[in-house]
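Asks: This one is data-v8.cif, mmCIF, C-alpha atoms and all ligand atoms.
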data_query
#
loop_
_atom_site.label_atom_id
_atom_site.label_comp_id
_atom_site.auth_asym_id
_atom_site.auth_seq_id
_atom_site.Cartn_x
_atom_site.Cartn_y
_atom_site.Cartn_z
CA THR A 215 -55.23 -57.64 11.18
CA CYS A 216 -57.89 -57.19 13.82
CA ASN A 217 -60.29 -59.81 15.11
CA ILE A 218 -63.34 -59.27 17.32
CA GLU A 219 -61.94 -61.72 19.88
CA GLN A 220 -58.76 -59.67 20.27
CA PHE A 221 -61.06 -56.70 20.68
CA GLY A 222 -62.86 -58.48 23.52
CA MET A 223 -66.36 -58.29 22.06
CA GLU A 224 -69.13 -60.69 21.15
CA LYS A 225 -69.86 -61.36 17.47
CA PHE A 226 -72.71 -59.40 15.92
CA ASP A 227 -74.78 -59.21 12.76
CA LEU A 228 -74.40 -55.86 10.97
CA GLN A 229 -78.04 -56.09 9.96
CA ASP A 230 -79.19 -55.69 13.57
CA MET A 231 -76.95 -52.75 14.39
CA THR A 232 -77.42 -48.99 14.31
CA VAL A 233 -74.49 -47.27 12.64
CA GLY A 234 -73.42 -43.71 13.46
CA PHE A 235 -71.55 -41.64 10.85
CA SER A 236 -69.64 -38.50 11.79
CA GLN A 237 -68.63 -36.20 8.91
CA SER A 238 -65.88 -33.65 9.59
CA GLU A 239 -66.33 -30.84 7.09
CA ALA A 240 -69.20 -28.93 5.53
CA GLU A 241 -70.70 -30.39 2.41
CA SER A 242 -69.67 -27.57 0.11
CA ASN A 243 -66.67 -29.63 -1.00
CA PRO A 244 -67.66 -32.35 -3.52
CA PHE A 245 -65.26 -34.74 -1.75
CA ARG A 246 -67.49 -34.49 1.35
CA ILE A 247 -70.76 -34.65 -0.61
CA THR A 248 -69.62 -37.80 -2.40
CA GLU A 249 -68.25 -39.39 0.77
CA THR A 250 -71.45 -38.83 2.78
CA ALA A 251 -73.59 -40.04 -0.14
CA SER A 252 -71.48 -43.18 -0.42
CA ILE A 253 -72.05 -44.01 3.28
CA GLU A 254 -75.78 -43.21 3.09
CA ASP A 255 -76.33 -45.17 -0.14
CA GLU A 256 -74.55 -48.22 1.24
CA ALA A 257 -76.60 -48.15 4.46
CA LYS A 258 -79.80 -47.98 2.41
CA LYS A 259 -78.68 -50.73 0.08
CA ARG A 260 -78.03 -53.03 3.04
CA GLY A 261 -81.09 -51.96 5.02
CA VAL A 262 -78.91 -50.84 7.94
CA GLU A 263 -80.10 -48.04 10.20
CA LEU A 264 -77.84 -44.99 9.98
CA ILE A 265 -77.67 -41.82 12.07
CA THR A 266 -75.40 -38.97 10.98
CA ALA A 267 -73.82 -35.71 12.15
CA ASN A 268 -71.67 -33.02 10.48
CA ALA A 269 -69.16 -31.04 12.55
CA GLN A 270 -68.70 -28.20 10.00
CA SER A 271 -64.91 -28.12 10.54
CA ASP A 272 -65.25 -27.61 14.31
CA PHE A 273 -63.26 -30.25 16.19
CA ALA A 274 -64.93 -29.74 19.58
CA GLN A 275 -68.23 -30.12 17.75
CA GLN A 276 -67.08 -33.39 16.20
CA ILE A 277 -66.16 -34.83 19.60
CA SER A 278 -69.62 -33.99 20.92
CA ASP A 279 -71.22 -35.22 17.67
CA VAL A 280 -69.72 -38.67 18.12
CA GLN A 281 -70.68 -38.77 21.80
CA GLY A 282 -74.17 -37.74 20.72
CA LEU A 283 -74.32 -40.53 18.14
CA MET A 284 -73.45 -43.05 20.85
CA SER A 285 -76.08 -41.70 23.21
CA GLN A 286 -78.63 -41.83 20.37
CA GLY A 287 -77.92 -45.54 20.12
CA ALA A 288 -75.10 -45.97 17.60
CA GLU A 289 -73.55 -49.41 18.18
CA LEU A 290 -70.99 -49.09 15.39
CA LEU A 291 -69.22 -45.94 14.25
CA ILE A 292 -67.82 -44.66 10.97
CA ILE A 293 -65.77 -41.52 11.59
CA ALA A 294 -64.26 -39.12 9.04
CA PRO A 295 -61.97 -37.33 11.53
CA LEU A 296 -61.22 -33.62 11.23
CA ASN A 297 -57.99 -33.85 13.28
CA SER A 298 -55.81 -36.86 13.96
CA ASP A 299 -55.11 -36.06 17.64
CA GLY A 300 -57.46 -35.33 20.53
CA TRP A 301 -59.79 -38.31 20.29
CA GLU A 302 -59.13 -39.71 23.81
CA PRO A 303 -62.58 -38.86 25.29
CA VAL A 304 -64.37 -40.53 22.38
CA LEU A 305 -62.08 -43.56 22.33
CA ALA A 306 -62.53 -44.08 26.07
CA GLU A 307 -66.32 -43.89 25.81
CA ALA A 308 -66.43 -46.17 22.76
CA GLU A 309 -64.31 -48.69 24.61
CA ARG A 310 -66.57 -48.55 27.66
CA LYS A 311 -69.68 -48.99 25.51
CA GLN A 312 -67.98 -51.54 23.21
CA VAL A 313 -68.61 -49.56 20.06
CA PRO A 314 -66.17 -50.52 17.26
CA ILE A 315 -64.85 -47.61 15.17
CA VAL A 316 -63.90 -47.56 11.50
CA THR A 317 -62.17 -44.33 10.44
CA ILE A 318 -62.26 -43.11 6.85
CA ASP A 319 -60.19 -40.60 4.82
CA ARG A 320 -58.08 -39.26 7.73
CA GLU A 321 -56.43 -41.19 10.53
CA ILE A 322 -57.03 -41.08 14.26
CA ASN A 323 -53.73 -41.37 16.14
CA GLY A 324 -54.11 -44.40 18.35
CA ASN A 325 -53.61 -48.15 18.38
CA PRO A 326 -55.37 -50.19 15.72
CA CYS A 327 -57.48 -53.04 17.12
CA GLU A 328 -57.50 -51.30 20.48
CA ASP A 329 -58.73 -47.78 19.83
CA TYR A 330 -60.30 -48.50 16.45
CA VAL A 331 -60.75 -51.47 14.12
CA THR A 332 -59.39 -50.16 10.83
CA PHE A 333 -58.48 -47.06 8.84
CA ILE A 334 -59.72 -46.85 5.25
CA GLY A 335 -58.15 -44.19 3.06
CA SER A 336 -55.76 -43.34 0.26
CA ASP A 337 -52.00 -43.66 0.16
CA PHE A 338 -51.47 -39.93 0.68
CA VAL A 339 -47.67 -40.05 0.34
CA GLU A 340 -48.18 -41.68 -3.05
CA GLN A 341 -50.67 -38.93 -4.00
CA GLY A 342 -47.96 -36.36 -3.20
CA ARG A 343 -45.45 -38.27 -5.34
CA ARG A 344 -47.90 -38.46 -8.23
CA ALA A 345 -48.56 -34.73 -7.96
CA ALA A 346 -44.79 -34.11 -8.00
CA ASP A 347 -44.36 -36.27 -11.11
CA GLN A 348 -46.99 -34.17 -12.90
CA MET A 349 -45.39 -30.91 -11.74
CA ILE A 350 -41.92 -32.07 -12.84
CA GLU A 351 -43.32 -32.94 -16.26
CA ALA A 352 -45.24 -29.65 -16.52
CA LEU A 353 -42.18 -27.55 -15.69
CA GLY A 354 -39.62 -29.65 -17.56
CA GLY A 355 -37.82 -30.18 -14.26
CA GLU A 356 -37.14 -26.53 -13.47
CA GLY A 357 -38.89 -23.63 -11.78
CA LYS A 358 -40.37 -22.06 -8.68
CA VAL A 359 -43.27 -23.79 -7.02
CA ALA A 360 -45.77 -22.84 -4.29
CA ILE A 361 -47.64 -25.30 -2.10
CA LEU A 362 -51.16 -24.55 -0.91
CA LEU A 363 -51.20 -26.76 2.16
CA GLY A 364 -54.30 -28.44 3.58
CA THR A 365 -55.43 -27.80 7.14
CA PRO A 366 -52.81 -28.56 9.79
CA GLY A 367 -53.32 -31.32 12.36
CA ASN A 368 -54.10 -34.29 10.16
CA ASN A 369 -52.10 -36.99 8.37
CA VAL A 370 -53.44 -36.09 4.92
CA THR A 371 -51.73 -32.68 4.80
CA THR A 372 -48.49 -34.01 6.27
CA GLU A 373 -48.30 -36.96 3.90
CA ARG A 374 -49.33 -35.11 0.72
CA THR A 375 -46.60 -32.56 1.50
CA LYS A 376 -43.94 -35.15 2.29
CA GLY A 377 -44.58 -37.25 -0.82
CA PHE A 378 -44.40 -34.16 -3.04
CA LYS A 379 -41.25 -32.65 -1.55
CA ASP A 380 -39.32 -35.92 -1.33
CA ARG A 381 -40.07 -36.78 -4.96
CA VAL A 382 -39.11 -33.30 -6.22
CA GLU A 383 -35.89 -33.37 -4.24
CA GLU A 384 -35.03 -36.80 -5.54
CA LYS A 385 -35.99 -36.32 -9.19
CA ALA A 386 -35.85 -32.60 -9.99
CA PRO A 387 -33.34 -30.57 -8.00
CA GLY A 388 -34.04 -27.70 -10.43
CA ILE A 389 -37.47 -27.23 -8.86
CA GLU A 390 -37.56 -25.04 -5.79
CA VAL A 391 -40.43 -24.77 -3.32
CA VAL A 392 -40.47 -21.04 -2.57
CA PHE A 393 -43.82 -20.59 -0.82
CA GLU A 394 -45.96 -22.71 1.52
CA GLN A 395 -49.12 -21.63 3.25
CA THR A 396 -52.35 -23.27 4.31
CA GLY A 397 -55.47 -22.56 2.27
CA GLU A 398 -57.50 -24.58 4.82
CA PHE A 399 -58.75 -27.01 2.12
CA THR A 400 -61.29 -24.37 1.00
CA ARG A 401 -61.87 -22.51 -2.26
CA GLN A 402 -61.85 -19.12 -0.55
CA GLY A 403 -58.66 -20.03 1.33
CA GLY A 404 -56.94 -21.12 -1.89
CA GLN A 405 -57.94 -17.91 -3.61
CA SER A 406 -56.73 -15.54 -0.90
CA VAL A 407 -53.45 -17.37 -0.35
CA THR A 408 -52.82 -17.30 -4.12
CA GLU A 409 -53.54 -13.56 -4.20
CA GLN A 410 -50.79 -13.11 -1.57
CA LEU A 411 -48.54 -15.45 -3.55
CA ILE A 412 -48.88 -13.35 -6.72
CA GLN A 413 -47.86 -10.27 -4.71
CA SER A 414 -44.82 -11.86 -3.05
CA ASN A 415 -43.73 -14.15 -5.91
CA PRO A 416 -44.94 -12.70 -9.22
CA ASP A 417 -42.57 -15.04 -11.10
CA ILE A 418 -44.12 -18.24 -9.71
CA ASP A 419 -44.14 -21.14 -12.22
CA GLY A 420 -46.20 -23.80 -10.49
CA VAL A 421 -48.83 -24.25 -7.76
CA TYR A 422 -49.39 -27.56 -5.99
CA ALA A 423 -52.77 -27.33 -4.28
CA GLU A 424 -53.35 -30.11 -1.76
CA ASN A 425 -57.01 -30.29 -2.75
CA ASP A 426 -59.14 -29.30 -5.73
CA GLU A 427 -61.15 -26.66 -3.91
CA MET A 428 -57.96 -24.68 -3.14
CA GLY A 429 -56.75 -25.24 -6.72
CA ILE A 430 -60.00 -23.83 -8.11
CA GLY A 431 -59.56 -20.82 -5.80
CA ALA A 432 -56.03 -20.43 -7.19
CA VAL A 433 -57.41 -20.36 -10.74
CA THR A 434 -59.79 -17.54 -9.76
CA ALA A 435 -56.89 -15.56 -8.25
CA LEU A 436 -54.62 -16.07 -11.28
CA ARG A 437 -57.40 -15.15 -13.68
CA GLY A 438 -58.06 -12.02 -11.63
CA ALA A 439 -54.38 -11.10 -11.94
CA GLY A 440 -54.59 -11.29 -15.73
CA LYS A 441 -52.88 -14.65 -16.21
CA GLN A 442 -53.78 -16.91 -19.12
CA PRO A 443 -54.48 -20.68 -18.90
CA GLY A 444 -51.17 -22.53 -18.61
CA ASP A 445 -49.07 -19.49 -17.53
CA VAL A 446 -48.81 -21.05 -14.07
CA LYS A 447 -48.91 -24.86 -13.94
CA ILE A 448 -51.40 -26.07 -11.35
CA VAL A 449 -51.55 -29.61 -9.97
CA THR A 450 -54.28 -30.54 -7.48
CA VAL A 451 -55.61 -33.54 -5.53
CA ASP A 452 -59.19 -34.95 -5.30
CA GLY A 453 -60.85 -35.50 -8.68
CA THR A 454 -63.88 -33.22 -8.62
CA LYS A 455 -65.75 -32.53 -11.86
CA THR A 456 -64.91 -28.82 -11.68
CA ALA A 457 -61.18 -29.52 -11.38
CA VAL A 458 -61.15 -32.05 -14.20
CA GLN A 459 -63.13 -29.60 -16.36
CA ASN A 460 -60.36 -27.08 -15.58
CA ILE A 461 -57.85 -29.49 -17.14
CA ILE A 462 -59.95 -29.51 -20.30
CA ASP A 463 -60.09 -25.70 -20.18
CA GLY A 464 -56.30 -25.48 -19.78
CA TRP A 465 -56.17 -23.94 -16.30
CA ILE A 466 -55.15 -27.06 -14.36
CA TYR A 467 -52.32 -29.31 -15.59
CA ALA A 468 -53.27 -32.50 -13.72
CA VAL A 469 -55.48 -33.81 -10.89
CA VAL A 470 -54.46 -36.72 -8.67
CA GLU A 471 -57.57 -38.50 -7.49
CA SER A 472 -58.46 -39.01 -3.84
CA ASN A 473 -61.32 -41.46 -3.93
CA PRO A 474 -64.08 -40.69 -1.36
CA ARG A 475 -66.34 -43.65 -2.14
CA PHE A 476 -65.81 -45.45 1.17
CA GLY A 477 -69.34 -46.78 1.77
CA PRO A 478 -68.94 -50.36 0.50
CA LEU A 479 -65.50 -50.78 2.14
CA ALA A 480 -66.57 -49.32 5.50
CA PHE A 481 -69.71 -51.50 5.79
CA ASP A 482 -67.78 -54.57 4.60
CA ALA A 483 -65.21 -53.94 7.33
CA HIS A 484 -67.86 -53.71 10.07
CA GLU A 485 -69.67 -56.74 8.65
CA SER A 486 -66.67 -59.06 8.55
CA PHE A 487 -65.46 -57.79 11.93
CA GLY A 488 -68.87 -58.73 13.37
CA LYS A 489 -68.62 -62.20 11.89
CA GLY A 490 -65.32 -62.79 13.66
CA GLU A 491 -63.17 -62.57 10.53
CA ASP A 492 -59.70 -60.98 10.46
CA VAL A 493 -59.93 -57.40 9.22
CA PRO A 494 -56.79 -55.60 7.98
CA VAL A 495 -56.02 -52.62 10.24
CA GLU A 496 -55.46 -50.45 7.18
CA LEU A 497 -57.27 -50.56 3.84
CA ILE A 498 -56.02 -48.51 0.92
CA ILE A 499 -58.56 -47.37 -1.67
CA SER A 500 -57.38 -47.04 -5.28
CA ASP A 501 -56.99 -43.64 -6.95
CA ARG A 502 -56.56 -42.56 -10.57
CA VAL A 503 -54.77 -39.59 -12.16
CA TYR A 504 -56.48 -37.11 -14.51
CA THR A 505 -54.24 -35.55 -17.17
CA GLN A 506 -54.59 -33.55 -20.37
CA GLU A 507 -54.53 -36.85 -22.28
CA ASN A 508 -57.47 -38.50 -20.48
CA ALA A 509 -59.51 -35.65 -18.90
CA GLU A 510 -62.22 -35.55 -21.55
CA GLU A 511 -62.76 -39.30 -21.61
CA GLN A 512 -62.44 -39.66 -17.79
CA LEU A 513 -64.66 -36.71 -16.84
CA PRO A 514 -67.62 -39.03 -16.05
CA ASN A 515 -65.53 -40.69 -13.31
CA ALA A 516 -64.91 -37.36 -11.57
CA TYR A 517 -67.22 -36.35 -8.71
O1 LIG A 601 -58.70 -34.21 -0.13
C1 LIG A 601 -60.12 -32.69 0.89
C2 LIG A 601 -60.83 -32.66 2.15
O2 LIG A 601 -59.23 -35.81 4.13
C3 LIG A 601 -58.78 -36.88 2.08
O3 LIG A 601 -60.05 -33.49 2.99
C4 LIG A 601 -59.53 -35.79 2.78
C5 LIG A 601 -59.28 -34.39 2.23
C6 LIG A 601 -59.71 -34.13 0.80
O4 LIG A 601 -61.04 -31.41 2.66
O5 LIG A 601 -60.83 -32.22 -0.21
#
Take the structure from the file and write it as C-alpha cells.
Replies:
Amino acid sequence: TCNIEQFGMEKFDLQDMTVGFSQSEAESNPFRITETASIEDEAKKRGVELITANAQSDFAQQISDVQGLMSQGAELLIIAPLNSDGWEPVLAEAERKQVPIVTIDREINGNPCEDYVTFIGSDFVEQGRRAADQMIEALGGEGKVAILLGTPGNNVTTERTKGFKDRVEEKAPGIEVVFEQTGEFTRQGGQSVTEQLIQSNPDIDGVYAENDEMGIGAVTALRGAGKQPGDVKIVTVDGTKTAVQNIIDGWIYAVVESNPRFGPLAFDAHESFGKGEDVPVELIISDRVYTQENAEEQLPNAY
C-alpha cells in the first residue's frame, strides 16, 4: 500500500484540488471514449475541477501534455499512459511539485509510492488466458492461429500476448500460432494486417485480436476476401457494442471485456490518499466475457 506520509506530502481534501487528466489515444476507439467520459462524469459528480488533454497516440505530445497540465495548475494527475517507459521527465517534475499520480489502463514503469501512487487496470494476463480458452473451445483444440498484436511498448500488449500463448501451450498443443503482427490497436491496422495474413496464410483457422477495433478490421478484411461468418474464429478484447453485435451476427466468436470505467476508482484513490489512508499500489478492475450464449442479453453492458 501507499500512504501520503511515506510519500512525504501534507494531507489534502480532493474537493479543493484541480485534477489533470491525460488521455493517450484518439477518441475514435470506444474504449477511449468511455474511459474519458468516466473520468469527466466522476469529476462533475464530485464537483472537482478537471482539466484534460489528449495526446492522439503521440508519446512526445503526451509528455508535454502532462507538463502543460501541471503548469495550468493541476495538483493531482490521472494519466492513461501511451507507453510504459520514458516518463522520467514527468515523474521528476511531479515529484518536485508534489503532484501525486494515479495511472489508469496501462502501467508506467517506475516505483509505486515513489513515482506514482497507484495503478488501476485490468489483469491483462488473465484477459489473454480467457481469450485463449475461447479460442481453444472455438477450434476444438486444433488449428492455426494468428495474433493481431497491440502497439509495442506497453504492458497491455505484452501481457495479453503472454497470457494467451502460455494458456494455449499448456492446454492445447494442437493449436499453433503461425502469424504475429501489430495492428496498432486500430481498425485500419487490423484490417490491413489481416489482408496480409489472408495472402500469406490462406488456411488460417483463428484470429486473436488484442483489441476490438483490430478485430472489427479483421472482419472487414475477411468479408472482403469472400469468407462467411464463422469460417475464421475471431476472439477479441475490450467489449465494445460493435464487437458484441458481431458475436450476435456470427463474425466474432467471443469478446473478453477490458473495463474502461475508471472514474470512480481513480477519484476514490486520490481522495483516500489525501485523507492519509493506505491505498493499494495496484487496483484490478473486474471484467466480463461476452460469448454466443450471453451476447444478446449482455449487449446493454457493452460500450
Ligand atoms: O484494450 C485498447 C486501447 O490500454 C487497455 O488500449 C488499453 C487498451 C485497450 O487501445 O482498445
Asks: Ligand LIG 601 (chain A): which residues are within 7 Å, counting all atoms listed in the file, as a list in words?
Replies: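 The residues near ligand LIG 601 (chain A) are Glu239, Asn243, Phe245, Arg246, Asp319, Arg320, Val370, Phe399, Glu424, Asn425, Asp426, Glu427, Val451, Asp452 and Ser472 of chain A.
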Asks: Please dump the current selection as a short mmCIF file (atom, residue, chain, number, x, y, z; two decimals), in the frame of the given file; keep C-alpha atoms.
Replies:
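The new file result29.cif reads:
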data_model
loop_
_atom_site.label_atom_id
_atom_site.label_comp_id
_atom_site.auth_asym_id
_atom_site.auth_seq_id
_atom_site.Cartn_x
_atom_site.Cartn_y
_atom_site.Cartn_z
CA GLU A 239 -66.33 -30.84 7.09
CA ASN A 243 -66.67 -29.63 -1.00
CA PHE A 245 -65.26 -34.74 -1.75
CA ARG A 246 -67.49 -34.49 1.35
CA ASP A 319 -60.19 -40.60 4.82
CA ARG A 320 -58.08 -39.26 7.73
CA VAL A 370 -53.44 -36.09 4.92
CA PHE A 399 -58.75 -27.01 2.12
CA GLU A 424 -53.35 -30.11 -1.76
CA ASN A 425 -57.01 -30.29 -2.75
CA ASP A 426 -59.14 -29.30 -5.73
CA GLU A 427 -61.15 -26.66 -3.91
CA VAL A 451 -55.61 -33.54 -5.53
CA ASP A 452 -59.19 -34.95 -5.30
CA SER A 472 -58.46 -39.01 -3.84
#
Asks: For stretch 374-382 of chain A, work out the shell of residues within 10 Å, counting all atoms listed in the file and skipping chain neighbours fewer than 3 positions away, then give it as a ChimeraX atom specification.
Replies: /A:337-347,349-350,355,361-364,369-371,385-391,394,422-425,451
Asks: Which one of A:Glu510, A:Glu383, A:Glu328, A:Asp255 sits closest to A:Ile462 if you count only C-alpha atoms?
Replies: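 Closest candidate: A:Glu510.
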Asks: What's the 8 Å shell around A:Gly397, counting all atoms listed in the file, without same-chain residues fewer than 4 positions away, as a PyMOL selection string?
Replies: chain A and resi 362-365+401-407+428
Asks: Quick one: distance from atom CA of A:Val449 to atom CA of A:Ile498 in Å, one decimal?
Replies: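 Result for atom CA of A:Val449 versus atom CA of A:Ile498: 22.3 Å, one decimal.
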Asks: Residues at most 10 Å from A:Gln270, counting only C-alpha atoms, excluding those fewer than 4 positions away in the same chain, as a CSV table (one decimal) with C-alpha atoms, in the frame of the given file?
Replies:
chain,number,residue,atom,x,y,z
A,237,GLN,CA,-68.6,-36.2,8.9
A,238,SER,CA,-65.9,-33.6,9.6
A,239,GLU,CA,-66.3,-30.8,7.1
A,240,ALA,CA,-69.2,-28.9,5.5
A,241,GLU,CA,-70.7,-30.4,2.4
A,242,SER,CA,-69.7,-27.6,0.1
A,275,GLN,CA,-68.2,-30.1,17.8
A,276,GLN,CA,-67.1,-33.4,16.2
A,296,LEU,CA,-61.2,-33.6,11.2
Asks: So, with only C-alpha atoms as the atoms that count, which of A:Ile430, A:Val313, A:Ala294, A:Ala509 lies closest to A:Ile334?
Replies: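 The closest residue to A:Ile334 is A:Ala294.
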Asks: Select all residues near (-49.4, -24.5, -11.5) (cut-off 9 Å, inclusive, file coordinates), counting all atoms listed in the file, and output them as a ChimeraX atom specification.
Replies: /A:349,352-353,359-360,418-423,429,432,444-450,465-467
Asks: Could you please take those selected residues and save C-alpha atoms as an mmCIF file, in the coordinates of the input?
Replies:
data_model
loop_
_atom_site.group_PDB
_atom_site.id
_atom_site.type_symbol
_atom_site.label_atom_id
_atom_site.label_comp_id
_atom_site.auth_asym_id
_atom_site.auth_seq_id
_atom_site.Cartn_x
_atom_site.Cartn_y
_atom_site.Cartn_z
ATOM 1 C CA MET A 349 -45.390 -30.910 -11.740
ATOM 2 C CA ALA A 352 -45.240 -29.650 -16.520
ATOM 3 C CA LEU A 353 -42.180 -27.550 -15.690
ATOM 4 C CA VAL A 359 -43.270 -23.790 -7.020
ATOM 5 C CA ALA A 360 -45.770 -22.840 -4.290
ATOM 6 C CA ILE A 418 -44.120 -18.240 -9.710
ATOM 7 C CA ASP A 419 -44.140 -21.140 -12.220
ATOM 8 C CA GLY A 420 -46.200 -23.800 -10.490
ATOM 9 C CA VAL A 421 -48.830 -24.250 -7.760
ATOM 10 C CA TYR A 422 -49.390 -27.560 -5.990
ATOM 11 C CA ALA A 423 -52.770 -27.330 -4.280
ATOM 12 C CA GLY A 429 -56.750 -25.240 -6.720
ATOM 13 C CA ALA A 432 -56.030 -20.430 -7.190
ATOM 14 C CA GLY A 444 -51.170 -22.530 -18.610
ATOM 15 C CA ASP A 445 -49.070 -19.490 -17.530
ATOM 16 C CA VAL A 446 -48.810 -21.050 -14.070
ATOM 17 C CA LYS A 447 -48.910 -24.860 -13.940
ATOM 18 C CA ILE A 448 -51.400 -26.070 -11.350
ATOM 19 C CA VAL A 449 -51.550 -29.610 -9.970
ATOM 20 C CA THR A 450 -54.280 -30.540 -7.480
ATOM 21 C CA TRP A 465 -56.170 -23.940 -16.300
ATOM 22 C CA ILE A 466 -55.150 -27.060 -14.360
ATOM 23 C CA TYR A 467 -52.320 -29.310 -15.590
#
Asks: Please provide the set of residues having any atom within 12 Å of A:Glu511, restricted to only C-alpha atoms, with same-chain residues fewer than 3 positions apart removed, written as a PyMOL selection string.
Replies: chain A and resi 458-459+461-462+504-508+514-516
Asks: Work out how far atom CA of A:Val470 is from atom CA of A:Ile292, in Å to one decimal.
Replies: 25.0 Å
Asks: Which distance in Å separates atom CA of A:Gly324 and atom CA of A:Asn473, to one decimal?
Replies: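 According to the coordinates, atom CA of A:Gly324 and atom CA of A:Asn473 are separated by 23.6 Å.
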Asks: Residues near A:Pro478, anyone? I mean within 10 Å using only C-alpha atoms, not counting same-chain ones fewer than 6 positions away, as a list in words.
Replies: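 Near neighbours after the sequence-gap exclusion: Ser252, Ile253, Asp255, Glu256, Ala257, Lys259 and Arg260 of chain A.
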Asks: The centre and edge lengths of an axis-aligned box containing all atoms of stretch 395-411 of chain A present in the file, extended by 4 Å on each side, are to be given in Å to one decimal, as JSON.
Replies:
{"center_x": -55.2, "center_y": -20.1, "center_z": 0.3, "size_x": 21.3, "size_y": 21.9, "size_z": 17.0}
Asks: Can you tell me, as a list in words, which residues sit within 12 Å of (-61.5, -62.9, 19.1) in the file's frame, using all atoms listed in the file?
Replies: Thr215, Cys216, Asn217, Ile218, Glu219, Gln220, Phe221, Gly222, Met223, Glu224, Lys225, Cys327, Phe487, Gly488, Lys489, Gly490, Glu491, Asp492 and Val493 of chain A
Asks: Rank A:Thr408, A:Gly282, A:Gly300, A:Thr454 by their smallest atom-to-atom distance to A:Ala435, using all atoms listed in the file, and report the top residue only.
Replies: A:Thr408
